[in-house]
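> One structure, as structure tokens, below. Some questions next.
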Amino acid sequence: MSVSPVDTHQIRKAVVPAAGLGTRFLPATKAMPKEMLPVVDKPAIQYVVEEAVEAGLTDLLMVTGRSKRSIEDHFDRAYELEEALRMKNDTQRLHAVRETSALANVHYVRQGEPRGLGHAVLCAEPHVGAEPFAVLLSDDLIGGDLLNEDATLLKRMIQVRQERGGSVIALMEVPPEQVSLYGCAAIDGTETADVVTVTDLVEKPAPDEAPSRWAVIGRYVCDPAVFDVLRDTAPGRGGEIQLTDALRELAQREPSEGGPVYGVLFRGRRFDTGNKIDYLRTVIEYAVDRPDLGPELLPWLREFVRQRG
Ligand code: UTP
């Protein structure tokens, strides 16, 4: 069955929540947001900004909390540093420093208190208005390899929203013992292999209560109706206003009321930089994949493992 386009409204805006406390990474995150932790030589949040820009989203809103300065500084010009590099004729580093301020139109809004991801998204409403928009969690780094190899995950999600309307979440299959770490979706298949309809969502379920092994990962395309729902969403798990709870409500709704919710099944690589062990794995994988570092790092890593193993 062919699906006719129901939404030609171009998605231009991306919201990047970065106001969480990052308690799993203390003490590093005491005075620095976890989004600024370096993955090789770029902060995690820069990869996410680059991904949004690559998907055609040029208007970015960061939702920041305490210690937001380093994020703002990172995406701003750094005149003294640029001048010092220019004096040294270090054009390569000068380019790297300048690049971050030229990537996109970056705006900021402050979340006064970390009342949950749903609340962080609600803080974006005055900037986003009545348009559909993307949400990218900056501690989730997304690699390639999709069922649909023609598009990155985010591009595919935007495409699905434009074809079908509603909201779109990204789902990744995880082992049963890991479902309790994620939001988890009950799904029905559609005529398209990588697209499902989401019939229910449960935040961090016990393994025997999980509706499936399809876990919600940190990319969303939201219908603006999510704001109205979030306003009425009571604090859920952990006393926080959960985005999952608002999407659960939208999943039950008709298209005329901001529903439904679709899922794009992602089978590529995803890196969670929000906890220590996954962060270390991420840094190693990214470094090994880098042509300027991998050839030197990999033999060292092999030798290290041989000696310690
Ligand atoms: P997490 O669930 O990873 O929570 O947030 P956290 O507080 O950042 O980290 P831990 O669990 O204490 O270690 C997922 C995303 O939502 C943002 C975070 O910055 C992260 O990008 N977030 C979370 C907010 O912006 N505001 C909040 O109130 C909560």
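If you're wondering about the labels, chains in the structure tokens are A, B, ... by order shown, residues count from 1 in each chain, ligands from 1 in order shown.
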Run DSSP on the backbone and grab whatever in region 43-151 of chain A lands in helix (DSSP H, G or I); send it over as a ChimeraX atom specification.
/A:44-54,69-74,79-87,91-102,117-122,125-128
> Neighbouring residues of ligand 1 are defined here as those with any atom at most 6 Å from a ligand atom, counting only C-alpha atoms and all ligand atoms; list them as a list in words.
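Answer in the requested format: Pro17, Ala18, Ala19, Gly20, Leu21, Gly22, Thr23, Arg24, Phe25, Val63, Pro114, Arg115, Gly116, Leu117, Ala120, Leu137, Ser138, Asp139 and Gly274 of chain A.
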> List the neighbours of region 41-55 of chain A out to 8 Å using only C-alpha atoms; skip same-chain residues closer than 3 positions along the sequence, and give me the result as a list of chain:residue names.
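My reading of the contact set: A:Ala14, A:Glu35, A:Met36, A:Leu37, A:Pro38, A:Thr58, A:Leu60, A:Thr100, A:Leu103, A:Ala104, A:Leu136, A:Leu137, A:Ser138, A:Asp139, A:Leu141, A:Thr152, A:Leu154, A:Lys155, A:Thr273.
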> So that I have them on file, write out the residues from the current selection with C-alpha atoms, as an mmCIF file, in the first residue's frame.

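Below is the file that was written, part38.cif:
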data_model
loop_
_atom_site.group_PDB
_atom_site.id
_atom_site.type_symbol
_atom_site.label_atom_id
_atom_site.label_comp_id
_atom_site.auth_asym_id
_atom_site.auth_seq_id
_atom_site.Cartn_x
_atom_site.Cartn_y
_atom_site.Cartn_z
ATOM 1 C CA ALA A 14 15.659 20.679 16.900
ATOM 2 C CA GLU A 35 26.980 16.748 27.391
ATOM 3 C CA MET A 36 30.419 18.411 27.350
ATOM 4 C CA LEU A 37 32.349 15.227 28.160
ATOM 5 C CA PRO A 38 34.779 14.691 25.272
ATOM 6 C CA THR A 58 19.361 24.442 11.180
ATOM 7 C CA LEU A 60 18.682 24.449 17.367
ATOM 8 C CA THR A 100 31.588 24.888 16.025
ATOM 9 C CA LEU A 103 27.401 24.925 12.478
ATOM 10 C CA ALA A 104 23.864 26.172 13.089
ATOM 11 C CA LEU A 136 17.892 14.827 20.260
ATOM 12 C CA LEU A 137 19.326 13.590 23.557
ATOM 13 C CA SER A 138 22.946 14.516 23.560
ATOM 14 C CA ASP A 139 24.155 11.574 25.598
ATOM 15 C CA LEU A 141 25.297 9.088 19.880
ATOM 16 C CA THR A 152 20.360 8.327 8.764
ATOM 17 C CA LEU A 154 16.914 11.104 12.132
ATOM 18 C CA LYS A 155 16.358 11.757 8.424
ATOM 19 C CA THR A 273 27.714 8.322 26.858
#
> Contacts of Leu26 (chain A) at 10 Å or less, counting only C-alpha atoms, minus same-chain residues fewer than 5 places along, as a ChimeraX atom specification?
/A:21,31-32,34,275-276
> Write out as a tab-separated table a residue-level contact list of region 164-213 of chain A versus region 241-260 of chain A with cut-off 6 Å: for each qualifying residue the closest pair of atoms and the distance in Å to one decimal, counting only C-alpha atoms, rows sorted by chain and residue number upward.

residue	atom	partner	partner_atom	distance
A:Gly166	CA	A:Gly259	CA	4.9
A:Thr199	CA	A:Ala251	CA	6.0
A:Asp200	CA	A:Arg248	CA	5.8
A:Leu201	CA	A:Arg248	CA	5.3
> Between CA of Val221 (chain A) and CA of Val168 (chain A), what is the distance, to one decimal in Å?
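So the answer is 5.0 Å.
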> CA of Lys88 (chain A) and CA of Arg69 (chain A), how far apart in Å?
27.4 Å
> I want to know what sits within 9 Å of Arg270 (chain A), based on only C-alpha atoms, with residues of the same chain fewer than 6 positions away left out; could you give that as a list in words?
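Non-adjacent residues within range: Asp140, Leu141, Ile142, Gly143, Gly144, Met172 and Ile217 of chain A.
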> Give me the residues within 8 Å of Pro205 (chain A) as a PDB file with N, CA, C and O atoms, in the first residue's frame, counting only C-alpha atoms and dropping any in the same chain fewer than 5 places off.

ATOM      1  N   VAL A 179      15.683  -4.118  29.389  1.00  0.00           N
ATOM      2  CA  VAL A 179      14.489  -3.295  29.101  1.00  0.00           C
ATOM      3  C   VAL A 179      14.185  -2.326  30.241  1.00  0.00           C
ATOM      4  O   VAL A 179      13.685  -1.227  30.012  1.00  0.00           O
ATOM      5  N   SER A 180      14.538  -2.713  31.462  1.00  0.00           N
ATOM      6  CA  SER A 180      14.205  -1.856  32.614  1.00  0.00           C
ATOM      7  C   SER A 180      15.037  -0.582  32.649  1.00  0.00           C
ATOM      8  O   SER A 180      14.820   0.286  33.497  1.00  0.00           O
ATOM      9  N   LEU A 181      15.975  -0.433  31.725  1.00  0.00           N
ATOM     10  CA  LEU A 181      16.779   0.795  31.666  1.00  0.00           C
ATOM     11  C   LEU A 181      16.164   1.830  30.726  1.00  0.00           C
ATOM     12  O   LEU A 181      16.620   2.965  30.658  1.00  0.00           O
ATOM     13  N   TYR A 182      15.126   1.415  29.986  1.00  0.00           N
ATOM     14  CA  TYR A 182      14.601   2.263  28.909  1.00  0.00           C
ATOM     15  C   TYR A 182      13.089   2.442  29.026  1.00  0.00           C
ATOM     16  O   TYR A 182      12.424   1.723  29.762  1.00  0.00           O
ATOM     17  N   GLY A 183      12.560   3.361  28.195  1.00  0.00           N
ATOM     18  CA  GLY A 183      11.139   3.343  27.897  1.00  0.00           C
ATOM     19  C   GLY A 183      10.942   2.203  26.911  1.00  0.00           C
ATOM     20  O   GLY A 183      11.815   1.923  26.091  1.00  0.00           O
ATOM     21  N   CYS A 184       9.818   1.521  26.993  1.00  0.00           N
ATOM     22  CA  CYS A 184       9.639   0.321  26.188  1.00  0.00           C
ATOM     23  C   CYS A 184       8.291   0.418  25.454  1.00  0.00           C
ATOM     24  O   CYS A 184       7.304   0.901  26.019  1.00  0.00           O
ATOM     25  N   ALA A 210       7.448  -5.780  30.679  1.00  0.00           N
ATOM     26  CA  ALA A 210       7.770  -5.054  29.438  1.00  0.00           C
ATOM     27  C   ALA A 210       6.905  -5.566  28.290  1.00  0.00           C
ATOM     28  O   ALA A 210       6.774  -6.768  28.094  1.00  0.00           O
TER      29      ALA A 210
END
> Just list as a VMD selection string whatever in region 6-247 of chain A DSSP marks as strand (DSSP E or B).
chain A and resid 13 to 18 38 to 39 42 to 43 59 to 65 67 105 to 110 133 to 136 140 to 142 167 to 173 183 to 189 195 to 203 214 to 222
> I'd like the neighbourhood of Arg77 (chain A) as a list in words, where a residue qualifies if any of its atoms comes within 10 Å (using only C-alpha atoms), though same-chain residues fewer than 2 positions away should be ignored.
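Counting only C-alpha atoms, the residues come to Glu72, Asp73, His74, Phe75, Tyr79, Glu80, Leu81, Glu82, Val97, Arg98, Glu99, Thr100, Ser101 and Ala102 of chain A.
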> Which distance in Å separates CA of Tyr262 (chain A) and CA of Glu203 (chain A), to one decimal?
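Separation between CA of Tyr262 (chain A) and CA of Glu203 (chain A): 16.8 Å.
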